[in-house]
Amino acid sequence: QVQLIESGGGLVQAGDSLRLSCAASGRAFNWYVMGWFRQAPGKEREFVAAISGSGSTTDYADSVKGRFTISRDNAENTAYLQMNCLKSEDTAVYYCAAKSAATSWITFSQPSEYNYWGQGTQVTVSS
């Protein structure tokens with residue numbers, strides 16, 4: 001069982017930066033793919049970024065490439081999402097998710113592939 005707790009959300013202006021954190025409980029954190037998703041009001045949950053267990057592979061949605069960076073610290077059981085050059089369309093509740101994987105370099109981009117979810121953290125970007 002893995003419990004995930006996100007933090008770092010808030011209200012910022014367009015062009016600002018935020019760093020989200022996702023602290024995970026449980027063992028063998030390095031065998032879990034970590035993903036970030038977001039859901040805006042009236043929209044479906046969408047993929048933002050994912051990172052493999054070893055950290056060697058990352059994947060991003062086209063809408064955030066070049067602006068967001070996903071990373072992880074396996075010694076601290078924590079994943080991060082650094083968000084730069086924020087836009088009003090980035091406003092959403094951001095969720096981190098975890099999925100155990102048999103290989104250390106794989107990532108997943110579909111919400112249905114993830115087993116564990118955090119409670120979400122609100123990010124609001126004013127224009």
# chains A, B, ... in the order shown; residues from 1 in each chain; ligands from 1
>>> residues_around(residues="Cys85 (chain A)", least_positions_apart="4", cutoff="7 Å", atoms="only C-alpha atoms", output="PyMOL selection string")
chain A and resi 14-17+67
>>> write_last_selection(atoms="C-alpha atoms", output="mmCIF file, in the first residue's frame")
data_model
loop_
_atom_site.group_PDB
_atom_site.id
_atom_site.type_symbol
_atom_site.label_atom_id
_atom_site.label_comp_id
_atom_site.auth_asym_id
_atom_site.auth_seq_id
_atom_site.Cartn_x
_atom_site.Cartn_y
_atom_site.Cartn_z
ATOM 1 C CA ALA A 14 0.951 34.119 -15.168
ATOM 2 C CA GLY A 15 4.670 33.693 -15.789
ATOM 3 C CA ASP A 16 5.414 32.641 -12.222
ATOM 4 C CA SER A 17 6.784 29.313 -11.049
ATOM 5 C CA ARG A 67 7.987 24.527 -19.064
#
>>> residues_around(residues="Asp73 (chain A)", least_positions_apart="6", cutoff="10 Å", atoms="only C-alpha atoms", output="PDB file with N, CA and C atoms, in the first residue's frame")
ATOM      1  N   ALA A  23       4.949  13.339  -1.535  1.00  0.00           N
ATOM      2  CA  ALA A  23       5.625  12.464  -0.585  1.00  0.00           C
ATOM      3  C   ALA A  23       4.908  11.124  -0.530  1.00  0.00           C
ATOM      4  N   PHE A  29      10.096   2.508  -3.055  1.00  0.00           N
ATOM      5  CA  PHE A  29       9.643   3.662  -3.839  1.00  0.00           C
ATOM      6  C   PHE A  29      10.282   3.671  -5.222  1.00  0.00           C
ATOM      7  N   ASN A  30      11.513   3.187  -5.317  1.00  0.00           N
ATOM      8  CA  ASN A  30      12.223   3.232  -6.588  1.00  0.00           C
ATOM      9  C   ASN A  30      11.655   2.261  -7.628  1.00  0.00           C
ATOM     10  N   SER A  54      13.696   4.581 -11.813  1.00  0.00           N
ATOM     11  CA  SER A  54      15.097   4.961 -11.693  1.00  0.00           C
ATOM     12  C   SER A  54      15.318   6.452 -11.960  1.00  0.00           C
ATOM     13  N   GLY A  55      14.326   7.102 -12.534  1.00  0.00           N
ATOM     14  CA  GLY A  55      14.477   8.495 -12.929  1.00  0.00           C
ATOM     15  C   GLY A  55      15.102   8.677 -14.294  1.00  0.00           C
ATOM     16  N   ALA A  79       8.514  12.763  -5.131  1.00  0.00           N
ATOM     17  CA  ALA A  79       8.534  13.194  -6.521  1.00  0.00           C
ATOM     18  C   ALA A  79       8.177  14.673  -6.579  1.00  0.00           C
ATOM     19  N   TYR A  80       8.679  15.324  -7.623  1.00  0.00           N
ATOM     20  CA  TYR A  80       8.480  16.771  -7.744  1.00  0.00           C
ATOM     21  C   TYR A  80       7.977  17.122  -9.144  1.00  0.00           C
TER      22      TYR A  80
END
>>> select_by_dssp(residues="chain A", states="helix (DSSP H, G or I)", output="list in words")
Phe29, Asn30, Trp31, Ser88, Glu89, Asp90, Pro111, Ser112 and Glu113 of chain A
>>> write_last_selection(atoms="all heavy atoms", output="PDB file, in the first residue's frame")
ATOM      1  N   PHE A  29      10.096   2.508  -3.055  1.00  0.00           N
ATOM      2  CA  PHE A  29       9.643   3.662  -3.839  1.00  0.00           C
ATOM      3  C   PHE A  29      10.282   3.671  -5.222  1.00  0.00           C
ATOM      4  O   PHE A  29       9.663   4.091  -6.208  1.00  0.00           O
ATOM      5  CB  PHE A  29       9.983   4.949  -3.087  1.00  0.00           C
ATOM      6  CG  PHE A  29       9.610   6.214  -3.811  1.00  0.00           C
ATOM      7  CD1 PHE A  29       8.275   6.575  -3.958  1.00  0.00           C
ATOM      8  CD2 PHE A  29      10.580   7.058  -4.332  1.00  0.00           C
ATOM      9  CE1 PHE A  29       7.923   7.749  -4.612  1.00  0.00           C
ATOM     10  CE2 PHE A  29      10.248   8.230  -4.985  1.00  0.00           C
ATOM     11  CZ  PHE A  29       8.903   8.577  -5.119  1.00  0.00           C
ATOM     12  N   ASN A  30      11.513   3.187  -5.317  1.00  0.00           N
ATOM     13  CA  ASN A  30      12.223   3.232  -6.588  1.00  0.00           C
ATOM     14  C   ASN A  30      11.655   2.261  -7.628  1.00  0.00           C
ATOM     15  O   ASN A  30      12.044   2.303  -8.787  1.00  0.00           O
ATOM     16  CB  ASN A  30      13.709   2.950  -6.373  1.00  0.00           C
ATOM     17  CG  ASN A  30      13.943   1.614  -5.684  1.00  0.00           C
ATOM     18  OD1 ASN A  30      13.405   1.356  -4.616  1.00  0.00           O
ATOM     19  ND2 ASN A  30      14.747   0.761  -6.295  1.00  0.00           N
ATOM     20  N   TRP A  31      10.705   1.402  -7.242  1.00  0.00           N
ATOM     21  CA  TRP A  31      10.055   0.515  -8.188  1.00  0.00           C
ATOM     22  C   TRP A  31       8.703   1.049  -8.652  1.00  0.00           C
ATOM     23  O   TRP A  31       7.954   0.347  -9.312  1.00  0.00           O
ATOM     24  CB  TRP A  31       9.906  -0.882  -7.610  1.00  0.00           C
ATOM     25  CG  TRP A  31      11.200  -1.622  -7.644  1.00  0.00           C
ATOM     26  CD1 TRP A  31      12.023  -1.903  -6.597  1.00  0.00           C
ATOM     27  CD2 TRP A  31      11.852  -2.142  -8.818  1.00  0.00           C
ATOM     28  NE1 TRP A  31      13.146  -2.570  -7.027  1.00  0.00           N
ATOM     29  CE2 TRP A  31      13.072  -2.728  -8.386  1.00  0.00           C
ATOM     30  CE3 TRP A  31      11.540  -2.156 -10.171  1.00  0.00           C
ATOM     31  CZ2 TRP A  31      13.971  -3.333  -9.263  1.00  0.00           C
ATOM     32  CZ3 TRP A  31      12.426  -2.766 -11.048  1.00  0.00           C
ATOM     33  CH2 TRP A  31      13.633  -3.337 -10.592  1.00  0.00           C
ATOM     34  N   SER A  88      -2.585  30.702 -17.532  1.00  0.00           N
ATOM     35  CA  SER A  88      -3.911  30.579 -16.924  1.00  0.00           C
ATOM     36  C   SER A  88      -4.510  29.203 -17.216  1.00  0.00           C
ATOM     37  O   SER A  88      -5.229  28.646 -16.382  1.00  0.00           O
ATOM     38  CB  SER A  88      -4.838  31.684 -17.420  1.00  0.00           C
ATOM     39  OG  SER A  88      -4.939  31.653 -18.837  1.00  0.00           O
ATOM     40  N   GLU A  89      -4.180  28.640 -18.373  1.00  0.00           N
ATOM     41  CA  GLU A  89      -4.727  27.324 -18.726  1.00  0.00           C
ATOM     42  C   GLU A  89      -4.096  26.183 -17.926  1.00  0.00           C
ATOM     43  O   GLU A  89      -4.528  25.039 -18.041  1.00  0.00           O
ATOM     44  CB  GLU A  89      -4.583  27.047 -20.224  1.00  0.00           C
ATOM     45  CG  GLU A  89      -3.200  27.282 -20.780  1.00  0.00           C
ATOM     46  CD  GLU A  89      -3.071  28.653 -21.432  1.00  0.00           C
ATOM     47  OE1 GLU A  89      -3.527  29.662 -20.836  1.00  0.00           O
ATOM     48  OE2 GLU A  89      -2.492  28.714 -22.544  1.00  0.00           O
ATOM     49  N   ASP A  90      -3.090  26.481 -17.110  1.00  0.00           N
ATOM     50  CA  ASP A  90      -2.531  25.469 -16.215  1.00  0.00           C
ATOM     51  C   ASP A  90      -3.335  25.349 -14.920  1.00  0.00           C
ATOM     52  O   ASP A  90      -3.063  24.463 -14.104  1.00  0.00           O
ATOM     53  CB  ASP A  90      -1.076  25.818 -15.860  1.00  0.00           C
ATOM     54  CG  ASP A  90      -0.150  25.763 -17.059  1.00  0.00           C
ATOM     55  OD1 ASP A  90      -0.285  24.832 -17.887  1.00  0.00           O
ATOM     56  OD2 ASP A  90       0.716  26.656 -17.174  1.00  0.00           O
ATOM     57  N   PRO A 111      -4.394   7.557 -16.858  1.00  0.00           N
ATOM     58  CA  PRO A 111      -4.814   7.496 -15.451  1.00  0.00           C
ATOM     59  C   PRO A 111      -5.185   6.078 -15.016  1.00  0.00           C
ATOM     60  O   PRO A 111      -4.911   5.696 -13.874  1.00  0.00           O
ATOM     61  CB  PRO A 111      -6.039   8.413 -15.412  1.00  0.00           C
ATOM     62  CG  PRO A 111      -5.853   9.347 -16.550  1.00  0.00           C
ATOM     63  CD  PRO A 111      -5.154   8.558 -17.608  1.00  0.00           C
ATOM     64  N   SER A 112      -5.762   5.295 -15.910  1.00  0.00           N
ATOM     65  CA  SER A 112      -6.216   3.948 -15.552  1.00  0.00           C
ATOM     66  C   SER A 112      -5.059   3.014 -15.232  1.00  0.00           C
ATOM     67  O   SER A 112      -5.261   1.951 -14.639  1.00  0.00           O
ATOM     68  CB  SER A 112      -7.056   3.356 -16.686  1.00  0.00           C
ATOM     69  OG  SER A 112      -6.298   3.300 -17.886  1.00  0.00           O
ATOM     70  N   GLU A 113      -3.852   3.398 -15.608  1.00  0.00           N
ATOM     71  CA  GLU A 113      -2.701   2.535 -15.360  1.00  0.00           C
ATOM     72  C   GLU A 113      -2.141   2.704 -13.950  1.00  0.00           C
ATOM     73  O   GLU A 113      -1.309   1.900 -13.526  1.00  0.00           O
ATOM     74  CB  GLU A 113      -1.605   2.842 -16.385  1.00  0.00           C
ATOM     75  CG  GLU A 113      -2.016   2.505 -17.818  1.00  0.00           C
ATOM     76  CD  GLU A 113      -0.965   2.902 -18.833  1.00  0.00           C
ATOM     77  OE1 GLU A 113      -0.696   4.116 -18.971  1.00  0.00           O
ATOM     78  OE2 GLU A 113      -0.415   1.999 -19.492  1.00  0.00           O
TER      79      GLU A 113
END
>>> residues_around(residues="Tyr94 (chain A)", least_positions_apart="2", cutoff="6 Å", atoms="only C-alpha atoms", output="PyMOL selection string")
chain A and resi 37-38+120-121
>>> write_last_selection(atoms="C-alpha atoms", output="short mmCIF file (atom, residue, chain, number, x, y, z; two decimals), in the first residue's frame")
data_model
loop_
_atom_site.label_atom_id
_atom_site.label_comp_id
_atom_site.auth_asym_id
_atom_site.auth_seq_id
_atom_site.Cartn_x
_atom_site.Cartn_y
_atom_site.Cartn_z
CA PHE A 37 -2.08 14.56 -13.68
CA ARG A 38 -4.39 17.56 -13.53
CA GLY A 120 -4.73 16.68 -5.07
CA THR A 121 -3.43 20.22 -4.68
#
>>> select_by_dssp(residues="region 5-93 of chain A", states="strand (DSSP E or B)", output="PyMOL selection string")
chain A and resi 5-7+10-13+18-24+32-39+46-51+58-60+68-73+78-83+92-93
>>> atom_distance(atom1="CA of Ser56 (chain A)", atom2="CA of Gln82 (chain A)")
17.0 Å
>>> residues_around(residues="Ala49 (chain A)", least_positions_apart="4", cutoff="10 Å", atoms="only C-alpha atoms", output="PyMOL selection string")
chain A and resi 34-38+58-62+64-65+68-71+81+96+107-109
>>> atom_distance(atom1="CA of Gln119 (chain A)", atom2="CA of Leu4 (chain A)")
7.6 Å
